[in-house]
$ cat start-v9.cif   # mmCIF, C-alpha atoms
data_target
loop_
_atom_site.label_atom_id
_atom_site.label_comp_id
_atom_site.auth_asym_id
_atom_site.auth_seq_id
_atom_site.Cartn_x
_atom_site.Cartn_y
_atom_site.Cartn_z
CA LEU A 1 0.00 0.00 0.00
CA VAL A 2 1.24 3.48 -0.86
CA CYS A 3 0.27 6.58 1.08
CA LYS A 4 1.26 10.17 0.49
CA TYR A 5 1.25 10.69 4.25
CA TYR A 6 4.08 9.05 6.10
CA PRO A 7 4.88 9.65 9.76
CA THR A 8 7.75 12.00 10.55
CA PRO A 9 10.87 10.63 12.26
CA CYS A 10 9.65 12.20 15.51
CA ALA A 11 6.23 10.53 15.20
CA LEU A 12 7.90 7.20 14.49
CA LYS A 13 10.17 7.53 17.53
CA ILE A 14 7.26 8.32 19.84
CA SER A 15 5.18 5.52 18.31
CA ASP A 16 8.04 3.07 18.79
CA LYS A 17 8.23 3.97 22.48
CA ILE A 18 4.48 3.50 22.89
CA ALA A 19 4.61 0.18 21.01
CA GLU A 20 7.36 -1.04 23.38
CA GLN A 21 4.89 -0.70 26.25
CA PHE A 22 1.62 -1.64 24.57
CA ASP A 23 1.19 -4.60 22.24
CA GLY A 24 -1.18 -3.82 19.42
CA ALA A 25 -0.49 -0.08 19.47
CA VAL A 26 -1.27 1.70 16.22
CA LEU A 27 -0.18 5.02 14.76
CA LEU A 28 -3.05 7.21 13.57
CA MET A 29 -2.74 10.22 11.33
CA LEU A 30 -5.42 12.56 9.99
CA ASP A 31 -5.54 13.33 6.29
CA GLY A 32 -6.20 17.07 6.32
CA SER A 33 -7.31 17.05 2.68
CA LYS A 34 -10.28 14.89 3.72
CA MET A 35 -11.51 17.06 6.59
CA PRO A 36 -14.30 19.10 4.93
CA PRO A 37 -17.59 18.74 6.85
CA ASP A 38 -19.31 17.09 3.89
CA TYR A 39 -16.64 14.39 3.45
CA ARG A 40 -18.26 11.07 4.34
CA VAL A 41 -15.19 8.83 4.74
CA PRO A 42 -13.12 8.95 7.96
CA PRO A 43 -9.95 10.99 7.25
CA ILE A 44 -7.75 8.52 9.09
CA VAL A 45 -4.51 6.92 7.98
CA MET A 46 -3.50 4.01 10.22
CA TYR A 47 -0.18 2.25 10.58
CA GLU A 48 0.42 -0.95 12.53
CA ARG A 49 3.73 -2.29 13.79
CA LYS A 50 5.01 -5.44 12.12
CA ASP A 51 8.53 -6.79 12.40
CA SER A 52 9.85 -3.55 13.93
CA ARG A 53 8.41 -1.44 11.07
CA TRP A 54 5.29 0.69 10.77
CA ILE A 55 3.15 -0.63 7.91
CA LEU A 56 0.15 1.14 6.40
CA LYS A 57 -3.02 -0.72 7.29
CA ASP A 58 -5.53 -1.40 4.54
CA LYS A 59 -8.23 1.28 4.89
CA HIS A 60 -10.89 -1.31 4.09
CA MET A 61 -9.94 -3.20 7.25
CA ILE A 62 -10.50 -0.21 9.55
CA MET A 63 -13.93 0.01 11.15
CA LEU A 64 -14.99 3.14 12.99
CA ARG A 65 -18.13 3.06 15.07
CA GLN A 66 -20.31 6.14 15.14
CA TRP A 67 -18.36 7.93 12.38
CA GLU A 68 -21.37 9.99 11.25
CA GLU A 69 -22.04 11.18 14.80
CA THR A 70 -18.36 11.96 15.31
CA ARG A 71 -18.21 13.90 12.04
CA ALA A 72 -21.34 15.90 12.93
CA ILE A 73 -20.03 16.80 16.40
CA ALA A 74 -16.63 17.81 15.00
CA ALA A 75 -18.35 20.02 12.41
CA GLN A 76 -20.47 21.69 15.12
CA MET A 77 -17.43 22.31 17.28
CA LEU A 78 -15.38 23.72 14.39
CA GLU A 79 -18.23 26.03 13.40
CA ALA A 80 -18.49 27.24 17.01
CA GLY A 81 -14.73 27.89 17.14
CA ASP A 82 -14.17 25.34 19.88
CA HIS A 83 -10.94 24.19 18.26
CA ALA A 84 -9.37 27.36 19.71
CA LEU A 85 -9.85 25.80 23.17
CA LEU A 86 -7.71 22.76 22.35
CA VAL A 87 -4.52 22.60 24.43
CA ASP A 88 -1.73 20.21 23.48
CA PHE A 89 0.92 19.05 25.90
CA ASP A 90 3.60 21.35 24.45
CA SER A 91 1.36 24.35 25.19
CA HIS A 92 0.90 23.05 28.72
CA LEU A 93 4.68 22.85 29.15
CA ASP A 94 4.96 26.48 28.04
CA ASP A 95 2.20 27.55 30.45
CA ILE A 96 1.28 24.99 33.13
CA THR A 97 -2.02 26.75 33.82
CA LYS A 98 -3.28 25.42 30.47
CA ASP A 99 -5.23 22.17 30.86
CA TRP A 100 -3.77 19.64 28.44
CA THR A 101 -6.46 17.13 29.44
CA ASN A 102 -8.96 19.44 27.71
CA GLN A 103 -11.75 18.97 30.23
CA ARG A 104 -13.78 21.85 28.74
CA LEU A 105 -13.70 20.27 25.31
CA ASN A 106 -14.45 16.83 26.73
CA ALA A 107 -17.48 18.23 28.54
CA LYS A 108 -18.72 19.87 25.33
CA ILE A 109 -18.25 16.61 23.39
CA ALA A 110 -20.16 14.72 26.10
CA GLU A 111 -22.94 17.32 25.97
CA LEU A 112 -23.20 17.17 22.17
CA SER A 113 -23.16 13.38 22.08
CA SER A 114 -25.77 12.93 24.81
CA PRO A 115 -29.33 12.12 23.84
CA PRO A 116 -31.57 15.22 24.15
CA ASN A 117 -33.58 13.84 27.06
CA GLY A 118 -30.55 12.50 28.92
CA SER A 119 -31.48 8.82 28.60
CA ILE A 120 -29.62 6.29 26.54
#
$ encode --input "start-v9.cif" --output "structure tokens"
Amino acid sequence: LVCKYYPTPCALKISDKIAEQFDGAVLLMLDGSKMPPDYRVPPIVMYERKDSRWILKDKHMIMLRQWEETRAIAAQMLEAGDHALLVDFDSHLDDITKDWTNQRLNAKIAELSSPPNGSI
């Protein structure tokens, strides 16, 4: 399989460290060209570790539950500008008052994914 998106050396190094600790770890990348709100296929590129190498996984073998709901929530959050609230760990290291666990975003996701009447 050929993919125009290949992990950077830094991503590979981090993924290798994770894979040392967790069997079955995968490396996920987002294909930014497939992120428009109307795009119906998950924009995910997945690699799995085989024989000490990261190999592109066949996209037909990847199953994502609730993709439509996930896509709709992401579109709502992007439209509302919620992506500006996202804090990555590097930002947290620069300013430790920033919450890298993103509790505000997690609460908003939970709210948007909850049934309207609160029951499941």
$ resolve_selection --input "start-v9.cif" --expression "the PyMOL selection byres ((chain A and resi 4-18) around 8)" --output "PDB file with C-alpha atoms, keeping the file's coordinate frame"
ATOM      1  CA  VAL A   2       1.240   3.480  -0.860  1.00  0.00           C
ATOM      2  CA  CYS A   3       0.270   6.580   1.080  1.00  0.00           C
ATOM      3  CA  ALA A  19       4.610   0.180  21.010  1.00  0.00           C
ATOM      4  CA  GLU A  20       7.360  -1.040  23.380  1.00  0.00           C
ATOM      5  CA  GLN A  21       4.890  -0.700  26.250  1.00  0.00           C
ATOM      6  CA  PHE A  22       1.620  -1.640  24.570  1.00  0.00           C
ATOM      7  CA  ALA A  25      -0.490  -0.080  19.470  1.00  0.00           C
ATOM      8  CA  VAL A  26      -1.270   1.700  16.220  1.00  0.00           C
ATOM      9  CA  LEU A  27      -0.180   5.020  14.760  1.00  0.00           C
ATOM     10  CA  MET A  29      -2.740  10.220  11.330  1.00  0.00           C
ATOM     11  CA  ASP A  31      -5.540  13.330   6.290  1.00  0.00           C
ATOM     12  CA  VAL A  45      -4.510   6.920   7.980  1.00  0.00           C
ATOM     13  CA  TRP A  54       5.290   0.690  10.770  1.00  0.00           C
TER      14      TRP A  54
END
$ closest_residue --input "start-v9.cif" --among "A:Ile96, A:Leu28, A:Met77, A:Ala107" --to "Leu56 (chain A)" --atoms "only C-alpha atoms"
A:Leu28
$ atom_distance --input "start-v9.cif" --atom1 "CA of Leu105 (chain A)" --atom2 "CA of Gly81 (chain A)"
11.2 Å
$ resolve_selection --input "start-v9.cif" --expression "the PyMOL selection byres ((chain A and resi 86) around 9)" --output "VMD selection string"
chain A and resid 82 to 85 87 to 88 99 to 100 102 104 to 105
$ atom_distance --input "start-v9.cif" --atom1 "CA of Asp58 (chain A)" --atom2 "CA of Met46 (chain A)"
8.1 Å
$ atom_distance --input "start-v9.cif" --atom1 "CA of Trp67 (chain A)" --atom2 "CA of Ser91 (chain A)"
28.7 Å
$ closest_residue --input "start-v9.cif" --among "A:Lys98, A:Arg65, A:Ile109, A:Leu30" --to "Leu78 (chain A)" --atoms "all atoms listed in the file"
A:Ile109
$ decode --input "start-v9.cif" --residues "region 77-98 of chain A" --atoms "N, CA and C atoms" --output "PDB file, in the first residue's frame"
ATOM      1  N   MET A  77     -18.451  21.705  16.434  1.00  0.00           N
ATOM      2  CA  MET A  77     -17.432  22.312  17.279  1.00  0.00           C
ATOM      3  C   MET A  77     -16.523  23.240  16.470  1.00  0.00           C
ATOM      4  N   LEU A  78     -16.183  22.844  15.241  1.00  0.00           N
ATOM      5  CA  LEU A  78     -15.375  23.718  14.390  1.00  0.00           C
ATOM      6  C   LEU A  78     -16.126  25.000  14.058  1.00  0.00           C
ATOM      7  N   GLU A  79     -17.406  24.863  13.731  1.00  0.00           N
ATOM      8  CA  GLU A  79     -18.227  26.027  13.403  1.00  0.00           C
ATOM      9  C   GLU A  79     -18.329  26.984  14.587  1.00  0.00           C
ATOM     10  N   ALA A  80     -18.387  26.423  15.796  1.00  0.00           N
ATOM     11  CA  ALA A  80     -18.492  27.243  17.008  1.00  0.00           C
ATOM     12  C   ALA A  80     -17.143  27.818  17.441  1.00  0.00           C
ATOM     13  N   GLY A  81     -16.059  27.398  16.781  1.00  0.00           N
ATOM     14  CA  GLY A  81     -14.733  27.893  17.139  1.00  0.00           C
ATOM     15  C   GLY A  81     -14.117  27.191  18.331  1.00  0.00           C
ATOM     16  N   ASP A  82     -14.679  26.057  18.702  1.00  0.00           N
ATOM     17  CA  ASP A  82     -14.175  25.336  19.878  1.00  0.00           C
ATOM     18  C   ASP A  82     -12.753  24.803  19.703  1.00  0.00           C
ATOM     19  N   HIS A  83     -12.303  24.670  18.476  1.00  0.00           N
ATOM     20  CA  HIS A  83     -10.942  24.187  18.259  1.00  0.00           C
ATOM     21  C   HIS A  83      -9.906  25.134  18.889  1.00  0.00           C
ATOM     22  N   ALA A  84     -10.275  26.391  19.077  1.00  0.00           N
ATOM     23  CA  ALA A  84      -9.369  27.357  19.711  1.00  0.00           C
ATOM     24  C   ALA A  84      -9.126  27.014  21.182  1.00  0.00           C
ATOM     25  N   LEU A  85     -10.000  26.197  21.770  1.00  0.00           N
ATOM     26  CA  LEU A  85      -9.854  25.804  23.174  1.00  0.00           C
ATOM     27  C   LEU A  85      -8.895  24.630  23.360  1.00  0.00           C
ATOM     28  N   LEU A  86      -8.541  23.951  22.271  1.00  0.00           N
ATOM     29  CA  LEU A  86      -7.705  22.763  22.353  1.00  0.00           C
ATOM     30  C   LEU A  86      -6.307  23.109  22.851  1.00  0.00           C
ATOM     31  N   VAL A  87      -5.843  22.382  23.868  1.00  0.00           N
ATOM     32  CA  VAL A  87      -4.516  22.597  24.434  1.00  0.00           C
ATOM     33  C   VAL A  87      -3.723  21.310  24.266  1.00  0.00           C
ATOM     34  N   ASP A  88      -2.579  21.390  23.572  1.00  0.00           N
ATOM     35  CA  ASP A  88      -1.731  20.206  23.475  1.00  0.00           C
ATOM     36  C   ASP A  88      -0.701  20.238  24.599  1.00  0.00           C
ATOM     37  N   PHE A  89       0.010  19.154  24.759  1.00  0.00           N
ATOM     38  CA  PHE A  89       0.918  19.045  25.900  1.00  0.00           C
ATOM     39  C   PHE A  89       2.065  20.053  25.810  1.00  0.00           C
ATOM     40  N   ASP A  90       2.544  20.348  24.599  1.00  0.00           N
ATOM     41  CA  ASP A  90       3.600  21.354  24.454  1.00  0.00           C
ATOM     42  C   ASP A  90       3.140  22.710  24.973  1.00  0.00           C
ATOM     43  N   SER A  91       1.895  23.072  24.684  1.00  0.00           N
ATOM     44  CA  SER A  91       1.363  24.348  25.186  1.00  0.00           C
ATOM     45  C   SER A  91       1.298  24.336  26.703  1.00  0.00           C
ATOM     46  N   HIS A  92       0.935  23.191  27.261  1.00  0.00           N
ATOM     47  CA  HIS A  92       0.897  23.050  28.718  1.00  0.00           C
ATOM     48  C   HIS A  92       2.295  23.237  29.311  1.00  0.00           C
ATOM     49  N   LEU A  93       3.314  22.688  28.648  1.00  0.00           N
ATOM     50  CA  LEU A  93       4.680  22.846  29.155  1.00  0.00           C
ATOM     51  C   LEU A  93       5.120  24.309  29.120  1.00  0.00           C
ATOM     52  N   ASP A  94       4.639  25.047  28.113  1.00  0.00           N
ATOM     53  CA  ASP A  94       4.957  26.482  28.035  1.00  0.00           C
ATOM     54  C   ASP A  94       4.228  27.279  29.104  1.00  0.00           C
ATOM     55  N   ASP A  95       3.020  26.853  29.460  1.00  0.00           N
ATOM     56  CA  ASP A  95       2.201  27.548  30.454  1.00  0.00           C
ATOM     57  C   ASP A  95       1.410  26.488  31.220  1.00  0.00           C
ATOM     58  N   ILE A  96       1.884  26.123  32.405  1.00  0.00           N
ATOM     59  CA  ILE A  96       1.281  24.995  33.129  1.00  0.00           C
ATOM     60  C   ILE A  96      -0.135  25.270  33.619  1.00  0.00           C
ATOM     61  N   THR A  97      -0.616  26.493  33.463  1.00  0.00           N
ATOM     62  CA  THR A  97      -2.020  26.751  33.820  1.00  0.00           C
ATOM     63  C   THR A  97      -2.974  26.248  32.738  1.00  0.00           C
ATOM     64  N   LYS A  98      -2.445  25.941  31.562  1.00  0.00           N
ATOM     65  CA  LYS A  98      -3.283  25.423  30.472  1.00  0.00           C
ATOM     66  C   LYS A  98      -3.553  23.935  30.704  1.00  0.00           C
TER      67      LYS A  98
END
